[in-house]
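Here's protein.txt, which has compact mmCIF, C-alpha atoms:
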```
# COMPACT_ATOMS: atom_id res chain seq x y z
CA MET A 1 11.06 -1.17 -35.12
CA PHE A 2 11.09 -4.86 -35.85
CA PHE A 3 14.17 -5.73 -33.86
CA SER A 4 15.52 -3.64 -31.01
CA LYS A 5 17.22 -3.94 -27.65
CA ASP A 6 13.84 -4.09 -25.90
CA VAL A 7 12.69 -7.02 -28.05
CA LEU A 8 15.94 -8.87 -27.41
CA GLY A 9 15.76 -8.38 -23.64
CA MET A 10 12.11 -9.36 -23.42
CA THR A 11 12.75 -12.46 -25.56
CA ILE A 12 15.56 -13.57 -23.23
CA ILE A 13 13.43 -13.05 -20.10
CA LEU A 14 10.41 -14.86 -21.54
CA TYR A 15 12.58 -17.72 -22.86
CA ILE A 16 14.26 -18.26 -19.48
CA PHE A 17 10.82 -18.25 -17.83
CA TRP A 18 9.53 -20.79 -20.37
CA LEU A 19 12.54 -23.07 -19.85
CA LEU A 20 12.22 -22.99 -16.05
CA ILE A 21 8.47 -23.66 -16.12
CA SER A 22 8.53 -26.42 -18.76
CA TRP A 23 11.74 -28.02 -17.35
CA SER A 24 12.64 -30.15 -20.34
CA LEU A 25 15.43 -29.97 -22.91
CA HIS A 26 13.67 -31.71 -25.81
CA TRP A 27 14.40 -29.91 -29.09
CA VAL A 28 10.69 -29.34 -29.88
CA ASN A 29 10.32 -27.64 -26.53
CA LEU A 30 13.35 -25.40 -27.06
CA LEU A 31 12.23 -24.35 -30.55
CA LEU A 32 8.59 -23.79 -29.60
CA GLY A 33 9.56 -21.73 -26.58
CA PHE A 34 11.91 -19.52 -28.55
CA THR A 35 9.30 -18.94 -31.29
CA PHE A 36 6.61 -17.96 -28.80
CA ALA A 37 8.96 -15.76 -26.78
CA PHE A 38 10.21 -13.96 -29.89
CA PHE A 39 6.75 -13.28 -31.36
CA VAL A 40 5.27 -12.17 -28.04
CA ALA A 41 8.25 -9.83 -27.58
CA ILE A 42 7.87 -8.34 -31.09
CA PHE A 43 4.20 -7.59 -30.56
CA MET A 44 4.22 -6.59 -26.89
CA ALA A 45 7.57 -4.82 -26.29
CA PRO A 46 6.46 -1.45 -27.78
CA GLU A 47 3.27 -1.60 -25.68
CA ILE A 48 4.85 -2.56 -22.34
CA ILE A 49 8.25 -0.85 -22.36
CA LYS A 50 7.90 2.91 -22.74
CA LYS A 51 11.14 4.80 -23.27
CA GLU A 52 10.12 7.88 -21.28
CA GLU A 53 9.03 5.86 -18.27
CA ARG A 54 12.12 3.71 -18.05
CA PRO A 55 13.99 4.47 -14.82
CA PRO A 56 17.75 5.01 -15.14
CA PHE A 57 18.68 2.61 -12.33
CA ILE A 58 17.39 -0.65 -13.78
CA ALA A 59 20.87 -2.21 -14.05
CA ARG A 60 21.86 -1.73 -10.39
CA GLY A 61 21.39 -5.36 -9.43
CA PHE A 62 23.60 -5.34 -6.34
CA PHE A 63 21.53 -2.66 -4.63
CA PHE A 64 18.33 -4.49 -5.51
CA LEU A 65 19.64 -7.71 -3.93
CA ARG A 66 20.65 -5.74 -0.85
CA PHE A 67 17.13 -4.26 -0.69
CA VAL A 68 15.61 -7.76 -0.90
CA PHE A 69 17.79 -9.06 1.96
CA ILE A 70 16.94 -6.07 4.17
CA LEU A 71 13.25 -6.54 3.30
CA ILE A 72 13.31 -10.21 4.34
CA ARG A 73 15.02 -9.26 7.63
CA GLU A 74 12.32 -6.63 8.27
CA ILE A 75 9.53 -9.12 7.46
CA ILE A 76 10.89 -11.50 10.12
CA LYS A 77 11.13 -8.61 12.63
CA ALA A 78 7.56 -7.56 11.76
CA ASN A 79 6.27 -11.06 12.42
CA ILE A 80 8.01 -11.26 15.80
CA GLN A 81 6.36 -7.94 16.68
CA VAL A 82 2.93 -9.23 15.56
CA VAL A 83 3.43 -12.33 17.71
CA GLN A 84 4.34 -10.15 20.71
CA ILE A 85 1.29 -7.91 20.28
CA VAL A 86 -1.27 -10.59 19.48
CA LEU A 87 -0.27 -13.08 22.16
CA SER A 88 0.10 -10.59 25.03
CA PRO A 89 -2.88 -10.75 27.45
CA LYS A 90 -3.79 -7.08 27.11
CA LEU A 91 -3.57 -5.50 23.68
CA ASN A 92 -1.35 -2.43 24.08
CA ILE A 93 -2.00 -0.78 20.73
CA THR A 94 -2.61 2.88 19.89
CA PRO A 95 -3.67 2.88 16.24
CA GLN A 96 -3.43 6.13 14.27
CA PHE A 97 -3.28 7.49 10.74
CA VAL A 98 -0.26 9.60 9.72
CA GLU A 99 0.58 11.26 6.41
CA VAL A 100 4.27 11.21 5.46
CA LYS A 101 6.10 12.67 2.47
CA GLN A 102 6.74 10.55 -0.60
CA VAL A 103 10.52 10.15 -0.93
CA MET A 104 10.61 7.94 -4.05
CA ARG A 105 10.75 9.56 -7.49
CA TYR A 106 9.91 6.80 -9.94
CA PRO A 107 6.73 4.67 -10.25
CA VAL A 108 8.68 1.42 -9.87
CA THR A 109 10.24 2.42 -6.56
CA GLN A 110 6.96 3.96 -5.38
CA VAL A 111 5.25 0.58 -5.81
CA LEU A 112 8.14 -1.25 -4.11
CA TRP A 113 8.16 1.26 -1.25
CA GLY A 114 4.38 1.03 -0.75
CA ASN A 115 4.52 -2.76 -0.55
CA SER A 116 7.58 -2.64 1.72
CA ILE A 117 5.80 -0.31 4.16
CA THR A 118 3.03 -2.87 4.51
CA LEU A 119 5.55 -5.60 5.26
CA THR A 120 7.75 -3.69 7.75
CA PRO A 121 6.92 -3.65 11.49
CA GLY A 122 3.78 -1.85 12.63
CA THR A 123 2.93 0.07 9.45
CA LEU A 124 0.28 -0.41 6.76
CA THR A 125 0.02 1.55 3.52
CA ILE A 126 -3.43 2.98 2.83
CA ASP A 127 -2.95 5.49 0.03
CA VAL A 128 -0.01 6.39 -2.21
CA ASP A 129 0.51 9.19 -4.69
CA ASP A 130 3.37 11.36 -5.97
CA LYS A 131 3.37 13.76 -3.00
CA LYS A 132 2.48 11.79 0.13
CA ILE A 133 1.75 8.39 1.62
CA LEU A 134 -1.01 7.74 4.14
CA ILE A 135 0.09 5.15 6.69
CA HIS A 136 -1.75 3.39 9.49
CA PHE A 137 0.52 2.87 12.53
CA LEU A 138 -0.30 0.10 14.97
CA THR A 139 1.50 1.72 17.92
CA GLY A 140 2.15 5.43 18.33
CA ASP A 141 5.82 5.22 19.34
CA LEU A 142 6.70 3.93 15.85
CA VAL A 143 5.85 7.26 14.20
CA SER A 144 9.07 9.00 15.28
CA HIS A 145 11.21 6.04 14.19
CA PHE A 146 9.66 5.90 10.73
CA PRO A 147 12.13 8.15 8.78
CA ASP A 148 15.10 5.89 9.56
CA ASN A 149 13.46 2.79 8.13
CA PRO A 150 16.32 0.65 6.69
CA VAL A 151 14.18 -0.53 3.75
CA GLY A 152 13.53 3.05 2.67
CA LYS A 153 17.22 3.87 2.86
CA ALA A 154 18.07 0.83 0.75
CA LEU A 155 15.49 1.87 -1.86
CA VAL A 156 16.84 5.44 -2.01
CA GLU A 157 20.30 3.97 -2.62
CA PHE A 158 18.81 1.74 -5.31
CA GLU A 159 17.46 4.87 -7.01
CA GLY A 160 21.04 6.08 -7.11
CA ARG A 161 21.07 9.22 -4.97
CA SER A 162 22.35 9.84 -1.47
CA LYS A 163 19.91 11.25 1.04
CA MET B 1 18.78 -34.29 8.50
CA ARG B 2 16.89 -32.65 5.64
CA GLU B 3 13.60 -33.82 7.13
CA ILE B 4 14.39 -31.99 10.38
CA ILE B 5 14.99 -28.68 8.59
CA VAL B 6 11.85 -29.21 6.48
CA MET B 7 9.78 -29.85 9.62
CA LEU B 8 11.28 -26.81 11.35
CA PHE B 9 10.32 -24.52 8.43
CA LEU B 10 6.87 -26.09 8.10
CA PHE B 11 5.96 -25.75 11.77
CA THR B 12 7.33 -22.20 12.00
CA GLY B 13 5.18 -21.27 9.00
CA VAL B 14 2.08 -22.89 10.50
CA PHE B 15 2.80 -21.11 13.81
CA PHE B 16 2.86 -17.71 12.07
CA PHE B 17 -0.38 -18.59 10.24
CA THR B 18 -2.00 -19.44 13.58
CA VAL B 19 -0.84 -16.18 15.16
CA GLY B 20 -2.18 -14.25 12.16
CA THR B 21 -5.57 -15.90 12.53
CA ILE B 22 -5.68 -15.21 16.27
CA GLY B 23 -4.74 -11.61 15.48
CA VAL B 24 -7.63 -11.27 13.02
CA LEU B 25 -9.99 -12.48 15.76
CA ARG B 26 -8.57 -10.37 18.61
CA LEU B 27 -7.74 -6.97 17.14
CA PRO B 28 -10.47 -4.30 17.16
CA ASP B 29 -10.97 -2.89 13.64
CA VAL B 30 -10.24 -3.64 10.02
CA PHE B 31 -6.90 -1.79 9.78
CA CYS B 32 -5.41 -3.47 12.85
CA ARG B 33 -6.64 -6.83 11.58
CA LEU B 34 -4.92 -6.22 8.25
CA HIS B 35 -1.64 -5.65 10.15
CA ALA B 36 -1.83 -9.17 11.56
CA ASN B 37 -3.02 -10.67 8.30
CA THR B 38 -0.64 -9.25 5.68
CA LYS B 39 2.57 -9.72 7.66
CA SER B 40 2.06 -13.18 9.09
CA ASP B 41 0.47 -14.58 5.92
CA THR B 42 3.41 -13.48 3.80
CA LEU B 43 6.01 -15.06 6.07
CA GLY B 44 3.78 -18.10 6.73
CA VAL B 45 3.28 -18.88 3.05
CA GLY B 46 6.97 -18.17 2.42
CA LEU B 47 8.13 -20.62 5.09
CA VAL B 48 5.67 -23.39 4.20
CA LEU B 49 6.53 -23.18 0.50
CA SER B 50 10.28 -22.96 1.29
CA SER B 51 9.99 -26.19 3.25
CA LEU B 52 8.33 -27.78 0.22
CA VAL B 53 11.18 -26.54 -2.00
CA LEU B 54 13.74 -28.05 0.38
CA TYR B 55 11.82 -31.32 0.45
CA GLU B 56 11.41 -31.44 -3.32
CA GLY B 57 14.96 -30.40 -4.25
CA LEU B 58 15.90 -29.03 -7.66
CA SER B 59 13.14 -30.35 -9.90
CA SER B 60 10.23 -29.18 -12.02
CA ALA B 61 7.94 -28.76 -9.02
CA GLY B 62 10.60 -27.02 -6.93
CA VAL B 63 11.21 -24.30 -9.52
CA LYS B 64 7.47 -23.66 -9.85
CA ILE B 65 7.16 -23.30 -6.07
CA VAL B 66 9.98 -20.72 -6.10
CA PHE B 67 7.97 -18.70 -8.64
CA MET B 68 4.91 -19.02 -6.39
CA ILE B 69 6.88 -17.56 -3.46
CA ILE B 70 7.96 -14.57 -5.57
CA PHE B 71 4.44 -13.88 -6.84
CA ILE B 72 2.87 -14.17 -3.39
CA LEU B 73 5.52 -11.77 -2.01
CA ILE B 74 4.34 -9.23 -4.62
CA THR B 75 0.57 -9.77 -4.52
CA ASN B 76 -0.10 -10.21 -0.79
CA PRO B 77 0.77 -6.64 0.31
CA THR B 78 -0.98 -5.30 -2.79
CA ALA B 79 -4.20 -7.06 -1.81
CA GLY B 80 -3.86 -5.72 1.75
CA HIS B 81 -3.33 -2.22 0.37
CA ILE B 82 -6.52 -2.44 -1.76
CA ILE B 83 -8.62 -3.68 1.18
CA ALA B 84 -7.20 -0.91 3.40
CA ARG B 85 -7.93 1.86 0.89
CA ALA B 86 -11.48 0.62 0.21
CA SER B 87 -12.17 0.44 3.97
CA TYR B 88 -10.66 3.88 4.51
CA ASP B 89 -13.11 5.38 2.02
CA THR B 90 -16.27 3.55 3.11
CA ILE B 91 -16.21 1.89 6.54
CA VAL B 92 -17.20 3.46 9.85
CA ASP B 93 -14.63 2.24 12.37
CA TRP B 94 -15.12 1.22 16.01
CA THR B 95 -15.21 4.80 17.36
CA GLY B 96 -18.25 5.51 15.15
CA GLN B 97 -16.45 7.95 12.85
CA LEU B 98 -15.76 7.55 9.20
CA ALA B 99 -12.07 6.65 8.99
CA ARG B 100 -11.42 9.33 6.37
CA GLN B 101 -12.60 12.18 8.68
CA LYS B 102 -10.53 10.83 11.54
CA GLY B 103 -7.45 10.64 9.34
CA GLY B 104 -7.92 14.29 8.32
CA GLU B 105 -7.74 15.49 11.93
CA GLU B 106 -4.43 13.90 12.79
```
Please rewrite the model in this file as structure tokens.
Amino acid sequence: MFFSKDVLGMTIILYIFWLLISWSLHWVNLLLGFTFAFFVAIFMAPEIIKKEERPPFIARGFFFLRFVFILIREIIKANIQVVQIVLSPKLNITPQFVEVKQVMRYPVTQVLWGNSITLTPGTLTIDVDDKKILIHFLTGDLVSHFPDNPVGKALVEFEGRSK
Amino acid sequence: MREIIVMLFLFTGVFFFTVGTIGVLRLPDVFCRLHANTKSDTLGVGLVLSSLVLYEGLSSAGVKIVFMIIFILITNPTAGHIIARASYDTIVDWTGQLARQKGGEE
């Protein structure tokens, strides 16, 4: 349809992006940005936003912010661990591949979870699909601690179901 | 005062970059090297660009740098994931086995 909720939302997002990037409040700029945002949204919204793929949790902003904060904390922890391993005189690493079960249900959270695994301490995503994830562990003692990863718990809460 | 915080962020970021580079040189095979690279590059770029945002303040350049931080946070682990999967399918690792066969055993 010519005008729908999708088109409106995409117009608003694109317009805010345009305003932040161009960083000027001249009236030509405002008008031009709105025109471009609106026409791009009309043509592209039916292609990009598919009704059947839209996850039901997209409005849960608080849980997403919480996930981002936990992710940043884990990135800092991961870097401290990398510093400890790399700068110690003897490298005490026992690398191994382990397959674990996929716990995320939707494509969006699967992508977020795959990227988060790479950024959390001692793990690296190699392959992801609907059933399982193949992970490379840097040290073997991390394998047993993997299921209580705080980032994974935050993402499951973001999906809106308790584990 | 602001200069001190900016310098602190900048040098912490450069330190993590250095450790990541040393890790790439020291660790034995491609997967272990990717561990050092993806993690420390993400935080290193994040800290260096954050220091630039603090130095620049709220201006045209500062907002663009914030967008750069967000995009690098998304793309850096994705690139590491692609390199890891391609290596897993093709490269013979340091024990002389194809990584895929070794992964099947464990």
Exercise. Any idea what the distance is between CA of Val108 in chain A and CA of Val30 in chain B?
Worked result: 27.9 Å
Closest atom pairs, chain B residues within 7 Å of chain A, all atoms listed in the file, as a tab-separated table:
```
residue	atom	partner	partner_atom	distance
B:Val19	CA	A:Val83	CA	6.3
B:Gly23	CA	A:Val86	CA	5.4
B:Cys32	CA	A:Leu138	CA	6.6
B:His35	CA	A:Leu124	CA	6.5
B:Ala36	CA	A:Val82	CA	6.2
B:Lys39	CA	A:Leu119	CA	5.6
B:Ser40	CA	A:Asn79	CA	5.8
B:Ser60	CA	A:Trp23	CA	5.7
B:Val63	CA	A:Leu20	CA	6.7
B:Lys64	CA	A:Ile21	CA	6.3
B:Pro77	CA	A:Asn115	CA	5.5
B:Thr78	CA	A:Asn115	CA	6.5
B:His81	CA	A:Ile126	CA	5.8
B:Ala84	CA	A:Ile126	CA	5.4
B:Arg85	CA	A:Ile126	CA	5.0
B:Gly103	CA	A:Phe97	CA	5.4
B:Glu106	CA	A:Val98	CA	6.7
```
Exercise. In Å, with one decimal, what is the gap from CA of Thr38 in chain B to CA of Leu10 in chain B?
Worked result: 18.6 Å
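One finds CA of Thr42 in chain B at 26.3 Å from CA of Leu14 in chain A.
Checking B:Asp41, B:Ile83, B:Ile69, B:Gly20 one by one against Val53 in chain B, counting all atoms listed in the file, you find the shortest gap at B:Ile69.
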For this session: Name the residues within 12 Å of (12.4, 5.2, -3.3), counting all atoms listed in the file in the file's coordinates, and put them as an MDAnalysis selection string.
Result: chainID A and resid 55 57 64 67 101:117 130 149:163
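Shortest atom-to-atom contact with Ile72 in chain B among B:Asp89, B:Ser51, B:Gly44, B:Val24: B:Gly44, counting all atoms listed in the file.
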For this session: For Leu49 in chain B, work out the shell of residues within 9 Å, counting all atoms listed in the file and skipping chain neighbours fewer than 6 positions away, then give it as a PyMOL selection string.
Result: chain B and resi 9-10+13+65-66+68-69
If you keep C-alpha atoms, can you produce a file of those selected residues as a PDB file, in the frame of the given file?
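Result file follows (out-v9.pdb):
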```pdb
ATOM      1  CA  PHE B   9      10.320 -24.520   8.430  1.00  0.00           C
ATOM      2  CA  LEU B  10       6.870 -26.090   8.100  1.00  0.00           C
ATOM      3  CA  GLY B  13       5.180 -21.270   9.000  1.00  0.00           C
ATOM      4  CA  ILE B  65       7.160 -23.300  -6.070  1.00  0.00           C
ATOM      5  CA  VAL B  66       9.980 -20.720  -6.100  1.00  0.00           C
ATOM      6  CA  MET B  68       4.910 -19.020  -6.390  1.00  0.00           C
ATOM      7  CA  ILE B  69       6.880 -17.560  -3.460  1.00  0.00           C
TER       8      ILE B  69
END
```
